[in-house]
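> So I've got this file, run_10.tsv, and it contains TSV, C-alpha atoms:
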chain	number	residue	atom	x	y	z
K	1	MET	CA	0.00	0.00	0.00
K	2	VAL	CA	1.35	3.40	-1.02
K	3	ASN	CA	1.15	6.23	1.50
K	4	PRO	CA	-1.26	8.76	-0.12
K	5	PHE	CA	0.34	11.75	1.60
K	6	VAL	CA	3.57	11.22	-0.29
K	7	LYS	CA	1.78	11.63	-3.59
K	8	ILE	CA	0.03	14.87	-2.59
K	9	HIS	CA	3.27	16.79	-3.07
K	10	ASN	CA	3.46	15.66	-6.66
K	11	GLU	CA	-0.16	16.59	-7.43
K	12	LYS	CA	-0.55	20.23	-6.51
K	13	TRP	CA	-4.28	20.40	-7.31
K	14	VAL	CA	-5.39	18.20	-4.41
K	15	LEU	CA	-5.00	20.68	-1.55
K	16	PRO	CA	-6.76	23.75	-3.04
K	17	VAL	CA	-9.54	21.58	-4.42
K	18	SER	CA	-9.98	19.93	-1.04
K	19	ALA	CA	-10.07	23.24	0.80
K	20	LEU	CA	-12.73	24.67	-1.48
K	21	SER	CA	-14.66	21.37	-1.29
K	22	ALA	CA	-14.94	21.99	2.42
K	23	VAL	CA	-16.32	25.46	1.67
K	24	LEU	CA	-18.77	23.92	-0.79
K	25	GLY	CA	-19.89	21.37	1.79
K	26	PHE	CA	-20.52	24.21	4.22
K	27	MET	CA	-22.56	26.12	1.62
K	28	MET	CA	-24.57	23.06	0.67
K	29	PHE	CA	-25.49	22.33	4.26
K	30	ALA	CA	-26.50	25.96	4.76
K	31	SER	CA	-28.80	25.85	1.74
K	32	TRP	CA	-30.25	22.46	2.65
K	33	LEU	CA	-34.05	22.56	2.77
K	34	THR	CA	-35.51	21.50	6.08
K	35	ASN	CA	-39.07	21.49	7.27
K	36	GLU	CA	-38.37	24.66	9.22
K	37	ASN	CA	-37.08	26.82	6.38
K	38	ARG	CA	-39.02	25.34	3.46
K	39	ASP	CA	-41.98	27.67	3.87
K	40	SER	CA	-39.76	30.73	3.97
K	41	VAL	CA	-37.90	29.69	0.81
K	42	TYR	CA	-40.77	28.55	-1.34
K	43	SER	CA	-43.94	30.37	-0.39
K	44	TYR	CA	-46.93	28.43	-1.63
K	45	LEU	CA	-49.31	31.23	-0.70
K	46	ASN	CA	-49.07	34.66	-2.21
K	47	LYS	CA	-47.78	37.44	-0.03
K	48	ASP	CA	-50.97	38.91	1.39
K	49	GLN	CA	-52.35	35.48	2.24
K	50	GLN	CA	-49.09	34.61	4.01
K	51	GLY	CA	-49.50	37.81	5.96
K	52	ARG	CA	-53.04	36.90	6.99
K	53	VAL	CA	-51.94	33.48	8.19
K	54	SER	CA	-49.29	34.97	10.42
K	55	LEU	CA	-51.30	38.01	11.53
K	56	ASP	CA	-54.62	36.41	12.32
K	57	VAL	CA	-53.37	33.92	14.87
K	58	ILE	CA	-55.66	34.11	17.88
K	59	ASP	CA	-55.88	32.06	21.04
K	60	LEU	CA	-58.98	30.04	20.20
K	61	ASP	CA	-59.74	28.87	23.76
K	62	GLN	CA	-59.58	32.39	25.09
K	63	TYR	CA	-61.70	33.58	22.19
K	64	ARG	CA	-64.36	30.94	22.90
K	65	SER	CA	-64.53	31.79	26.59
K	66	LEU	CA	-64.86	35.50	25.76
K	67	GLN	CA	-67.59	34.61	23.28
K	68	ARG	CA	-69.50	32.75	26.02
K	69	GLU	CA	-69.17	35.76	28.27
K	70	VAL	CA	-70.51	38.06	25.53
K	71	ASP	CA	-73.39	35.65	25.02
K	72	THR	CA	-74.44	35.64	28.69
K	73	LEU	CA	-74.03	39.41	29.01
K	74	ARG	CA	-76.17	40.10	25.94
K	75	LYS	CA	-78.87	37.71	27.17
K	76	ARG	CA	-78.89	39.46	30.53
K	77	ALA	CA	-79.18	42.81	28.75
K	78	THR	CA	-82.21	41.50	26.87
K	79	GLU	CA	-83.81	40.32	30.13
K	80	LEU	CA	-83.19	43.67	31.78
K	81	GLU	CA	-84.70	45.50	28.85
K	82	LYS	CA	-87.77	43.29	29.11
K	83	THR	CA	-88.19	43.82	32.86
K	84	VAL	CA	-87.81	47.56	32.44
K	85	ALA	CA	-90.45	47.43	29.71
K	86	ALA	CA	-92.81	45.37	31.90
K	87	LYS	CA	-92.61	47.82	34.82
K	88	ASN	CA	-92.71	51.12	33.00
K	89	ILE	CA	-95.90	51.78	31.16
K	90	GLY	CA	-95.25	53.03	27.66
K	91	SER	CA	-91.80	51.59	27.23
K	92	GLY	CA	-93.19	48.25	25.99
K	93	ALA	CA	-93.47	49.51	22.42
K	94	LEU	CA	-89.96	50.92	22.65
K	95	ASN	CA	-88.63	47.55	23.80
K	96	ASP	CA	-90.36	45.71	20.96
K	97	GLN	CA	-88.63	48.01	18.51
K	98	LEU	CA	-85.32	47.46	20.27
K	99	GLN	CA	-85.68	43.68	20.11
K	100	ASP	CA	-86.58	43.82	16.43
K	101	ALA	CA	-83.46	45.87	15.78
K	102	LYS	CA	-81.36	43.36	17.72
K	103	ILE	CA	-82.78	40.46	15.74
K	104	PHE	CA	-82.06	42.30	12.51
K	105	ALA	CA	-78.52	43.06	13.62
K	106	GLY	CA	-77.92	39.40	14.45
K	107	LEU	CA	-77.34	39.96	18.16
K	108	THR	CA	-79.84	37.32	19.26
K	109	GLU	CA	-80.24	33.64	18.57
K	110	LEU	CA	-82.86	32.85	15.98
K	111	GLU	CA	-84.90	29.71	15.50
K	112	GLY	CA	-87.10	28.68	12.62
K	113	PRO	CA	-87.44	26.68	9.42
K	114	GLY	CA	-84.66	26.86	6.90
K	115	VAL	CA	-82.00	24.98	4.97
K	116	LYS	CA	-78.69	23.41	5.86
K	117	VAL	CA	-75.98	23.60	3.18
K	118	THR	CA	-72.86	21.49	3.61
K	119	LEU	CA	-69.77	22.27	1.52
K	120	ARG	CA	-66.85	19.89	1.73
K	121	ASP	CA	-63.64	19.30	-0.22
K	122	ASN	CA	-63.95	16.59	-2.84
K	123	PRO	CA	-63.50	13.31	-0.88
K	124	LYS	CA	-62.29	11.50	-4.00
K	125	ALA	CA	-59.65	14.10	-4.84
K	126	GLY	CA	-56.71	11.93	-3.70
K	127	LEU	CA	-53.37	13.30	-2.56
K	128	MET	CA	-53.00	16.08	-5.12
K	129	PRO	CA	-56.25	18.03	-5.17
K	130	VAL	CA	-56.68	20.55	-7.96
K	131	THR	CA	-58.31	23.88	-7.33
K	132	ASP	CA	-61.77	22.61	-8.30
K	133	ASP	CA	-61.62	19.94	-5.59
K	134	LEU	CA	-61.36	22.48	-2.76
K	135	VAL	CA	-63.94	24.74	-1.22
K	136	HIS	CA	-62.72	28.32	-1.43
K	137	ASP	CA	-63.66	31.47	0.42
K	138	THR	CA	-65.42	32.73	-2.69
K	139	ASP	CA	-67.60	29.59	-2.77
K	140	VAL	CA	-68.74	30.16	0.80
K	141	LEU	CA	-69.25	33.83	0.03
K	142	ARG	CA	-71.38	33.07	-3.02
K	143	VAL	CA	-73.48	30.50	-1.14
K	144	THR	CA	-74.25	32.93	1.69
K	145	ASN	CA	-74.89	35.71	-0.82
K	146	GLU	CA	-77.32	33.47	-2.68
K	147	LEU	CA	-79.10	32.50	0.55
K	148	PHE	CA	-79.48	36.16	1.58
K	149	ASN	CA	-80.73	36.87	-1.93
K	150	SER	CA	-83.38	34.16	-1.52
K	151	GLY	CA	-84.62	35.87	1.61
K	152	ALA	CA	-82.65	34.26	4.42
K	153	GLU	CA	-83.15	36.08	7.70
K	154	ALA	CA	-80.17	34.65	9.55
K	155	VAL	CA	-77.14	32.78	8.23
K	156	SER	CA	-74.28	31.15	10.07
K	157	VAL	CA	-71.10	29.47	8.80
K	158	ASN	CA	-69.78	26.72	11.11
K	159	GLY	CA	-71.46	28.41	14.08
K	160	GLN	CA	-70.31	31.93	13.14
K	161	ARG	CA	-73.33	34.20	12.69
K	162	LEU	CA	-73.12	36.55	9.73
K	163	MET	CA	-74.22	40.13	10.30
K	164	ALA	CA	-74.06	43.37	8.35
K	165	SER	CA	-70.31	43.90	8.54
K	166	SER	CA	-69.28	40.25	8.34
K	167	ASN	CA	-66.40	39.30	6.11
K	168	ILE	CA	-65.28	35.99	4.65
K	169	ARG	CA	-61.80	35.58	3.27
K	170	CYS	CA	-59.10	33.07	2.54
K	171	ALA	CA	-56.14	32.28	4.81
K	172	GLY	CA	-54.20	29.36	3.39
K	173	THR	CA	-55.95	26.09	4.04
K	174	THR	CA	-58.66	27.62	6.19
K	175	ILE	CA	-61.24	30.35	5.78
K	176	LEU	CA	-61.63	33.31	8.07
K	177	VAL	CA	-65.17	34.32	8.98
K	178	ASP	CA	-64.97	37.63	10.84
K	179	GLY	CA	-61.35	36.79	11.63
K	180	VAL	CA	-62.15	33.37	13.13
K	181	LYS	CA	-60.71	30.34	11.41
K	182	VAL	CA	-63.24	27.82	10.16
K	183	ALA	CA	-62.26	24.69	8.28
K	184	ASN	CA	-63.69	22.13	5.89
K	185	PRO	CA	-66.47	20.87	6.00
K	186	PHE	CA	-68.49	24.08	6.03
K	187	VAL	CA	-72.00	23.83	7.46
K	188	ILE	CA	-74.07	26.85	6.49
K	189	LEU	CA	-77.40	27.28	8.26
K	190	ALA	CA	-80.00	29.71	6.93
K	191	ILE	CA	-83.39	30.59	8.38
K	192	GLY	CA	-86.09	31.59	5.98
K	193	LYS	CA	-88.82	30.09	3.83
K	194	GLU	CA	-87.22	26.68	3.24
K	195	ASP	CA	-88.86	26.06	-0.16
K	196	VAL	CA	-87.74	29.41	-1.49
K	197	LEU	CA	-84.23	28.97	-0.15
K	198	TYR	CA	-84.02	25.44	-1.51
K	199	SER	CA	-85.24	26.23	-5.00
K	200	GLY	CA	-83.21	29.42	-5.18
K	201	PHE	CA	-80.09	27.47	-4.35
K	202	THR	CA	-80.68	24.46	-6.60
K	203	MET	CA	-81.94	26.55	-9.53
K	204	GLN	CA	-80.61	25.54	-12.95
K	205	GLY	CA	-77.54	27.68	-13.68
K	206	GLY	CA	-77.47	28.84	-10.07
K	207	VAL	CA	-74.71	28.61	-7.49
K	208	MET	CA	-75.10	24.90	-6.86
K	209	SER	CA	-74.74	23.85	-10.47
K	210	GLU	CA	-71.46	25.80	-10.62
K	211	LEU	CA	-70.13	24.34	-7.39
K	212	VAL	CA	-70.74	20.67	-8.18
K	213	GLY	CA	-68.25	20.87	-11.05
K	214	ALA	CA	-65.67	18.51	-9.58
K	215	SER	CA	-67.93	16.17	-7.64
K	216	PRO	CA	-71.62	16.21	-6.61
K	217	ALA	CA	-70.56	15.09	-3.14
K	218	MET	CA	-69.10	18.55	-2.50
K	219	VAL	CA	-72.44	20.31	-2.02
K	220	GLN	CA	-75.39	19.04	-0.03
K	221	ILE	CA	-78.56	20.96	0.80
K	222	THR	CA	-81.36	19.73	3.06
K	223	LYS	CA	-84.59	21.39	4.17
K	224	GLU	CA	-84.94	21.61	7.94
K	225	LYS	CA	-88.14	22.05	9.92
K	226	SER	CA	-86.42	23.88	12.72
K	227	ILE	CA	-82.86	25.11	13.02
K	228	ARG	CA	-81.17	27.34	15.53
K	229	VAL	CA	-78.72	29.97	14.40
K	230	PRO	CA	-76.41	31.33	17.12
K	231	ALA	CA	-76.06	35.02	17.92
K	232	TYR	CA	-73.23	37.17	16.63
K	233	LEU	CA	-70.64	37.22	19.38
K	234	GLY	CA	-68.03	39.60	18.02
K	235	SER	CA	-67.38	43.22	18.77
K	236	THR	CA	-70.18	45.71	18.01
K	237	SER	CA	-68.50	48.92	19.03
K	238	ILE	CA	-68.77	51.81	16.60
K	239	LYS	CA	-65.56	53.83	16.65
K	240	SER	CA	-65.63	56.31	13.78
K	241	GLY	CA	-69.18	57.10	12.81
K	242	VAL	CA	-71.70	59.25	14.70
K	243	VAL	CA	-75.38	59.78	13.98
K	244	PRO	CA	-75.85	63.31	12.64
K	245	LYS	CA	-77.85	65.50	15.00
K	246	ALA	CA	-79.75	67.64	12.53
K	247	THR	CA	-81.37	66.17	9.45
K	248	THR	CA	-80.49	68.06	6.30
K	249	LYS	CA	-83.31	69.12	4.07
N	1	MET	CA	-6.55	10.92	-4.87
N	2	ILE	CA	-10.14	11.87	-5.61
N	3	LEU	CA	-11.17	10.67	-2.17
N	4	ILE	CA	-9.39	13.53	-0.41
N	5	PRO	CA	-11.68	16.35	-1.72
N	6	ILE	CA	-14.69	14.15	-0.91
N	7	ALA	CA	-13.43	13.71	2.64
N	8	PHE	CA	-12.94	17.49	2.94
N	9	PHE	CA	-16.46	18.02	1.62
N	10	ALA	CA	-17.76	15.81	4.42
N	11	ILE	CA	-15.66	17.82	6.90
N	12	GLY	CA	-17.23	21.06	5.61
N	13	VAL	CA	-20.71	19.60	6.04
N	14	PHE	CA	-19.79	18.46	9.52
N	15	ILE	CA	-18.50	21.91	10.50
N	16	ALA	CA	-21.71	23.55	9.24
N	17	MET	CA	-23.75	20.97	11.13
N	18	SER	CA	-21.90	21.52	14.38
N	19	MET	CA	-22.24	25.30	13.99
N	20	GLY	CA	-25.96	24.88	13.42
N	21	VAL	CA	-25.99	27.01	10.27
N	22	HIS	CA	-29.41	27.15	8.69
N	23	GLY	CA	-30.34	29.44	5.88
N	24	HIS	CA	-33.61	31.27	6.00
N	25	GLY	CA	-35.66	33.14	3.46
N	26	LEU	CA	-34.98	33.63	-0.21
N	27	GLY	CA	-31.20	33.66	0.26
N	28	VAL	CA	-31.28	29.87	0.53
N	29	LYS	CA	-32.62	29.63	-2.99
N	30	TYR	CA	-29.79	31.74	-4.38
N	31	LEU	CA	-27.21	29.95	-2.25
N	32	ALA	CA	-28.33	26.63	-3.74
N	33	VAL	CA	-27.59	27.99	-7.22
N	34	ALA	CA	-24.22	29.25	-5.99
N	35	CYS	CA	-23.55	25.73	-4.65
N	36	LEU	CA	-24.13	24.33	-8.12
N	37	ALA	CA	-21.59	26.79	-9.56
N	38	GLY	CA	-19.15	25.84	-6.81
N	39	LEU	CA	-19.61	22.14	-7.54
N	40	ASP	CA	-18.90	22.80	-11.20
N	41	THR	CA	-15.70	24.66	-10.36
N	42	ILE	CA	-14.52	21.89	-8.00
N	43	LEU	CA	-15.13	19.23	-10.65
N	44	GLY	CA	-13.36	21.44	-13.19
N	45	GLY	CA	-10.39	21.67	-10.83
N	46	ILE	CA	-10.23	17.90	-10.42
N	47	ARG	CA	-10.46	17.47	-14.18
N	48	SER	CA	-7.66	19.91	-14.93
N	49	GLY	CA	-5.64	18.19	-12.20
N	50	TYR	CA	-6.00	14.89	-14.02
N	51	GLU	CA	-5.17	16.58	-17.30
N	52	GLY	CA	-2.08	18.14	-15.74
N	53	LYS	CA	-3.21	21.70	-16.56
N	54	PHE	CA	-4.12	22.77	-13.02
N	55	GLN	CA	-3.34	26.37	-12.04
N	56	ASN	CA	-3.91	27.41	-8.47
N	57	ASP	CA	-4.83	31.08	-9.07
N	58	VAL	CA	-7.20	30.26	-11.94
N	59	PHE	CA	-8.98	27.70	-9.83
N	60	ILE	CA	-9.48	29.83	-6.73
N	61	THR	CA	-10.59	32.97	-8.57
N	62	GLY	CA	-12.87	30.78	-10.69
N	63	PHE	CA	-14.54	29.36	-7.61
N	64	ILE	CA	-15.13	32.73	-6.00
N	65	THR	CA	-16.36	34.58	-9.07
N	66	ASN	CA	-18.55	31.69	-10.27
N	67	THR	CA	-20.38	31.38	-6.97
N	68	ILE	CA	-20.85	35.12	-6.63
N	69	ILE	CA	-22.05	35.54	-10.22
N	70	ALA	CA	-24.45	32.59	-9.91
N	71	PHE	CA	-25.86	34.05	-6.69
N	72	GLY	CA	-26.17	37.50	-8.29
N	73	ILE	CA	-27.83	36.23	-11.46
N	74	ALA	CA	-30.38	34.22	-9.46
N	75	LYS	CA	-31.18	37.28	-7.36
N	76	LEU	CA	-31.36	39.55	-10.40
N	77	GLY	CA	-33.74	37.09	-12.05
N	78	ASP	CA	-36.11	37.32	-9.10
N	79	LYS	CA	-35.87	41.12	-9.13
N	80	ILE	CA	-36.69	41.52	-12.80
N	81	GLY	CA	-39.21	38.69	-12.90
N	82	ILE	CA	-37.38	36.31	-15.22
N	83	GLU	CA	-36.36	32.86	-14.03
N	84	LEU	CA	-32.63	33.42	-14.66
N	85	LEU	CA	-32.01	30.84	-11.95
N	86	VAL	CA	-33.08	28.15	-14.40
N	87	VAL	CA	-30.54	29.42	-16.92
N	88	VAL	CA	-27.72	29.15	-14.38
N	89	ASN	CA	-28.90	25.68	-13.39
N	90	LEU	CA	-28.96	24.55	-17.01
N	91	VAL	CA	-25.48	25.83	-17.88
N	92	MET	CA	-23.93	24.61	-14.64
N	93	GLY	CA	-25.64	21.22	-14.97
N	94	MET	CA	-24.23	20.76	-18.47
N	95	ARG	CA	-20.74	21.72	-17.37
N	96	ILE	CA	-20.93	19.41	-14.37
N	97	PHE	CA	-21.82	16.47	-16.60
N	98	ASN	CA	-19.01	17.37	-19.04
N	99	ASN	CA	-16.45	17.52	-16.23
N	100	LEU	CA	-17.74	14.32	-14.69
N	101	SER	CA	-17.47	12.42	-17.96
N	102	VAL	CA	-13.84	13.48	-18.41
N	103	ILE	CA	-13.00	12.58	-14.80
N	104	ARG	CA	-14.73	9.23	-15.22
N	105	ARG	CA	-12.65	8.46	-18.30
N	106	TYR	CA	-9.43	9.23	-16.42
N	107	LEU	CA	-10.48	7.09	-13.47
N	108	LEU	CA	-11.52	4.24	-15.77
N	109	GLN	CA	-8.19	4.44	-17.61
N	110	ALA	CA	-6.32	4.35	-14.31
N	111	TYR	CA	-8.31	1.30	-13.23
N	112	ILE	CA	-7.65	-0.53	-16.51
N	113	ASP	CA	-3.92	0.28	-16.26
N	114	MET	CA	-3.84	-1.00	-12.71
N	115	MET	CA	-5.56	-4.25	-13.66
N	116	SER	CA	-3.30	-4.89	-16.66
N	117	ARG	CA	-0.21	-4.17	-14.55
N	118	ARG	CA	-1.40	-6.63	-11.92
N	119	LYS	CA	-2.08	-9.21	-14.60
N	120	ARG	CA	1.38	-8.73	-16.08
N	121	ARG	CA	2.95	-9.03	-12.65
N	122	VAL	CA	1.11	-12.30	-12.04
N	123	GLN	CA	2.21	-13.59	-15.42
N	124	GLU	CA	5.81	-12.56	-14.80
N	125	ALA	CA	5.74	-14.24	-11.40
N	126	ALA	CA	4.35	-17.43	-12.96
N	127	ALA	CA	6.99	-17.33	-15.70
N	128	LEU	CA	9.72	-16.79	-13.12
N	129	LYS	CA	8.46	-19.70	-11.04
N	130	GLU	CA	8.36	-21.92	-14.12
N	131	SER	CA	11.89	-20.99	-15.14
N	132	VAL	CA	13.16	-21.65	-11.62
N	133	GLN	CA	11.49	-25.07	-11.64
N	134	THR	CA	12.88	-25.99	-15.05
N	135	SER	CA	16.38	-24.84	-14.08
N	136	ALA	CA	16.12	-26.85	-10.87
N	137	LEU	CA	15.02	-29.82	-12.93
N	138	ASN	CA	17.96	-29.27	-15.27
N	139	THR	CA	20.42	-29.23	-12.41
N	140	VAL	CA	18.92	-32.43	-11.02
N	141	GLU	CA	19.23	-33.98	-14.45
N	142	GLY	CA	22.79	-32.71	-14.69
N	143	VAL	CA	23.70	-34.47	-11.44
N	144	GLU	CA	22.45	-37.73	-12.80
Any chance you could put this one into structure tokens?

Amino acid sequence: MVNPFVKIHNEKWVLPVSALSAVLGFMMFASWLTNENRDSVYSYLNKDQQGRVSLDVIDLDQYRSLQREVDTLRKRATELEKTVAAKNIGSGALNDQLQDAKIFAGLTELEGPGVKVTLRDNPKAGLMPVTDDLVHDTDVLRVTNELFNSGAEAVSVNGQRLMASSNIRCAGTTILVDGVKVANPFVILAIGKEDVLYSGFTMQGGVMSELVGASPAMVQITKEKSIRVPAYLGSTSIKSGVVPKATTK
Amino acid sequence: MILIPIAFFAIGVFIAMSMGVHGHGLGVKYLAVACLAGLDTILGGIRSGYEGKFQNDVFITGFITNTIIAFGIAKLGDKIGIELLVVVNLVMGMRIFNNLSVIRRYLLQAYIDMMSRRKRRVQEAAALKESVQTSALNTVEGVE
């Protein structure tokens, strides 16, 4: 066996090449993709969606407990308004108007006949779903829009009540309804005349016929005799606007 | 001879590992392209070493400028919205395969030479043994 270190002196290329190989090894390890840095190198979402995913992180447990607190406080407020109305003569009519306004604003639970729409990702899509196999924020938005158009009085998405300033948008693999993450499958409850809602939704060339493109299993609609839609439990504070004092003529 | 750069490569990886270096963000993408350029230069150095044309200064400046230019082109491509990164990858990939094929031919030639030398040595040894035996036989015959 020949000692390899004797031959290195004769071949002057070995040492510089070896030194720079070490540098190359260092560089390659530094650029190695790991699970931690993959998302930062190749962003699968576009920039504003990435921002939403990182910005809209909320502590869900804390949010739920706060929601329960809001629920009990609003119910107590309703009770107090009713007792005040019962004791003071003349304020009954005022209270009725107040309760109507609260129902319209979505601040109370509502019960009645309606439809239940279930949107789910295509179950037969396999490991590489194409865009038609997934339920997008725009799909949910169009379904709720269609239901309101057919005369729905109250609509909720996965237990999130929609009210006047509700928003639905996309955040990666989930959808944000008023900033709260909801995920597939999406159960949309709507109170209204169930026949009108049903036929408006299943109408030829309507929303449903566009949504069932990939698979009919993605959209289901059933008429319900009685459903309960929860109250809106988010913030209702008005910060910028004020009601003008004098009416302009 | 070719095992020494490979061993140093492993040492470089080990040093990076022990230092806990991890790239983050878009720089990793450009650094990967720079790595490809570096690999090409290293293979080119080995090739010129086998060809006997190796020059130290040419090799080292080639390594540095190639990596920097590859990094810069990849970054520029992202800035101006053209995938210049793919161009660098294509050119560097072709050069890497060229260099590898030349190196492989040299290694194969060295292996064939070694085998034929060993074969000749075995033959010579056998011939020597035979001649010794026949001469011994002759001497024995001579005694009789």
> Give as number ranges by chain each residue that has an atom at most 12 Å from (-15.5, 20.2, 9.1) in the file, counting all atoms listed in the file.
K: 18-27, 29; N: 6-19
> Which is closest to Arg142 of chain K among K:Gly241, K:Lys225, K:Ser235, K:Ile168, if we use all atoms listed in the file?
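Of K:Gly241, K:Lys225, K:Ser235, K:Ile168, the one nearest Arg142 of chain K is K:Ile168, counting all atoms listed in the file.
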> Just want the 12 Å neighbourhood of segment 89-104 of chain N, counted on all atoms listed in the file, with same-chain residues fewer than 6 positions away dropped. Output as an MDAnalysis selection string.
chainID N and resid 1:2 29:30 32:51 66:67 69:71 73:74 83 110:111
> Output C-alpha atoms for every residue in that selection, as a compact mmCIF listing (two decimals), keeping the file's coordinate frame.

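Produced file result13.txt, reproduced below:
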# COMPACT_ATOMS: atom_id res chain seq x y z
CA MET N 1 -6.55 10.92 -4.87
CA ILE N 2 -10.14 11.87 -5.61
CA LYS N 29 -32.62 29.63 -2.99
CA TYR N 30 -29.79 31.74 -4.38
CA ALA N 32 -28.33 26.63 -3.74
CA VAL N 33 -27.59 27.99 -7.22
CA ALA N 34 -24.22 29.25 -5.99
CA CYS N 35 -23.55 25.73 -4.65
CA LEU N 36 -24.13 24.33 -8.12
CA ALA N 37 -21.59 26.79 -9.56
CA GLY N 38 -19.15 25.84 -6.81
CA LEU N 39 -19.61 22.14 -7.54
CA ASP N 40 -18.90 22.80 -11.20
CA THR N 41 -15.70 24.66 -10.36
CA ILE N 42 -14.52 21.89 -8.00
CA LEU N 43 -15.13 19.23 -10.65
CA GLY N 44 -13.36 21.44 -13.19
CA GLY N 45 -10.39 21.67 -10.83
CA ILE N 46 -10.23 17.90 -10.42
CA ARG N 47 -10.46 17.47 -14.18
CA SER N 48 -7.66 19.91 -14.93
CA GLY N 49 -5.64 18.19 -12.20
CA TYR N 50 -6.00 14.89 -14.02
CA GLU N 51 -5.17 16.58 -17.30
CA ASN N 66 -18.55 31.69 -10.27
CA THR N 67 -20.38 31.38 -6.97
CA ILE N 69 -22.05 35.54 -10.22
CA ALA N 70 -24.45 32.59 -9.91
CA PHE N 71 -25.86 34.05 -6.69
CA ILE N 73 -27.83 36.23 -11.46
CA ALA N 74 -30.38 34.22 -9.46
CA GLU N 83 -36.36 32.86 -14.03
CA ALA N 110 -6.32 4.35 -14.31
CA TYR N 111 -8.31 1.30 -13.23
> Counting only C-alpha atoms, which of K:Val117, K:Ala246, K:Ile227, K:Leu127 gets nearest to Ile188 of chain K?
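Residue with the minimum atom-to-atom distance to Ile188 of chain K: K:Val117.
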> Which distance in Å separates atom CA of Val87 of chain N and atom CA of Gly62 of chain N, to one decimal?
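According to the coordinates, atom CA of Val87 of chain N and atom CA of Gly62 of chain N are separated by 18.8 Å.
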> Please, what distance in Å, to one decimal, runs between atom CA of Ile103 of chain K and atom CA of Thr174 of chain K?
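Computing the Euclidean distance for atom CA of Ile103 of chain K and atom CA of Thr174 of chain K yields 28.9 Å.
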> Find, counting all atoms listed in the file, the residue in N:Ile112, N:Gly52, N:Gly23, N:Ala136 that gets nearest to chain K.
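Smallest distance to chain K is found for N:Gly23.
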> Kindly extract all protein, DNA and RNA residues lying within 9 Å of the coordinates (-2.1, 22.4, -8.7) given in the file, considering all atoms listed in the file, and supply them as a list in words.
Asn10, Glu11, Lys12, Trp13, Val14, Leu15, Pro16 and Val17 of chain K; Gly45, Ser48, Gly49, Gly52, Lys53, Phe54, Gln55, Asn56 and Phe59 of chain N
> Given the selection you just returned, output its residues as a file containing C-alpha atoms, formatted as a PDB file, keeping the file's coordinate frame.

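Result file selection_28.pdb:
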ATOM      1  CA  ASN K  10       3.460  15.660  -6.660  1.00  0.00           C
ATOM      2  CA  GLU K  11      -0.160  16.590  -7.430  1.00  0.00           C
ATOM      3  CA  LYS K  12      -0.550  20.230  -6.510  1.00  0.00           C
ATOM      4  CA  TRP K  13      -4.280  20.400  -7.310  1.00  0.00           C
ATOM      5  CA  VAL K  14      -5.390  18.200  -4.410  1.00  0.00           C
ATOM      6  CA  LEU K  15      -5.000  20.680  -1.550  1.00  0.00           C
ATOM      7  CA  PRO K  16      -6.760  23.750  -3.040  1.00  0.00           C
ATOM      8  CA  VAL K  17      -9.540  21.580  -4.420  1.00  0.00           C
TER       9      VAL K  17
ATOM     10  CA  GLY N  45     -10.390  21.670 -10.830  1.00  0.00           C
ATOM     11  CA  SER N  48      -7.660  19.910 -14.930  1.00  0.00           C
ATOM     12  CA  GLY N  49      -5.640  18.190 -12.200  1.00  0.00           C
ATOM     13  CA  GLY N  52      -2.080  18.140 -15.740  1.00  0.00           C
ATOM     14  CA  LYS N  53      -3.210  21.700 -16.560  1.00  0.00           C
ATOM     15  CA  PHE N  54      -4.120  22.770 -13.020  1.00  0.00           C
ATOM     16  CA  GLN N  55      -3.340  26.370 -12.040  1.00  0.00           C
ATOM     17  CA  ASN N  56      -3.910  27.410  -8.470  1.00  0.00           C
ATOM     18  CA  PHE N  59      -8.980  27.700  -9.830  1.00  0.00           C
TER      19      PHE N  59
END
> What is the distance between atom CA of Val135 of chain K and atom CA of Asp121 of chain K, in Å to one decimal?
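It comes out at 5.5 Å.
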> Set the distance at 10 Å and use all atoms listed in the file: which residues neighbour segment 64-69 of chain K once local chain neighbours fewer than 6 positions away are removed? I'd like the list as an MDAnalysis selection string.
chainID K and resid 75 232:235
> Taking only C-alpha atoms into account, name the residue in K:Asn158, K:Ser31, K:Ser209, K:Gln62 that is nearest to Arg120 of chain K.
K:Asn158
> Padding of 5 Å on every side, edges along x, y and z, all listed atoms of segment 168-172 of chain K included: what centre and edge lengths in Å, to one decimal, does that box have, as AutoDock Vina command-line options?

--center_x -59.7 --center_y 32.7 --center_z 3.7 --size_x 21.1 --size_y 16.6 --size_z 12.3
> Taking all atoms listed in the file into account, name the residue in K:Tyr198, K:Ala93, K:Val157, K:Thr34 that is nearest to chain N.
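Among the listed residues, the smallest separation from chain N belongs to K:Thr34.
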> From the block I gave, I'd like segment 98-102 of chain N written with N, CA and C atoms, as a tab-separated table (two decimals), in the first residue's frame.

chain	number	residue	atom	x	y	z
N	98	ASN	N	-20.22	17.40	-18.20
N	98	ASN	CA	-19.01	17.37	-19.04
N	98	ASN	C	-17.79	16.99	-18.21
N	99	ASN	N	-17.61	17.75	-17.09
N	99	ASN	CA	-16.45	17.52	-16.23
N	99	ASN	C	-16.46	16.10	-15.69
N	100	LEU	N	-17.65	15.66	-15.27
N	100	LEU	CA	-17.74	14.32	-14.69
N	100	LEU	C	-17.36	13.25	-15.71
N	101	SER	N	-17.77	13.46	-16.97
N	101	SER	CA	-17.47	12.42	-17.96
N	101	SER	C	-15.97	12.34	-18.20
N	102	VAL	N	-15.29	13.50	-18.22
N	102	VAL	CA	-13.84	13.48	-18.41
N	102	VAL	C	-13.15	12.80	-17.23
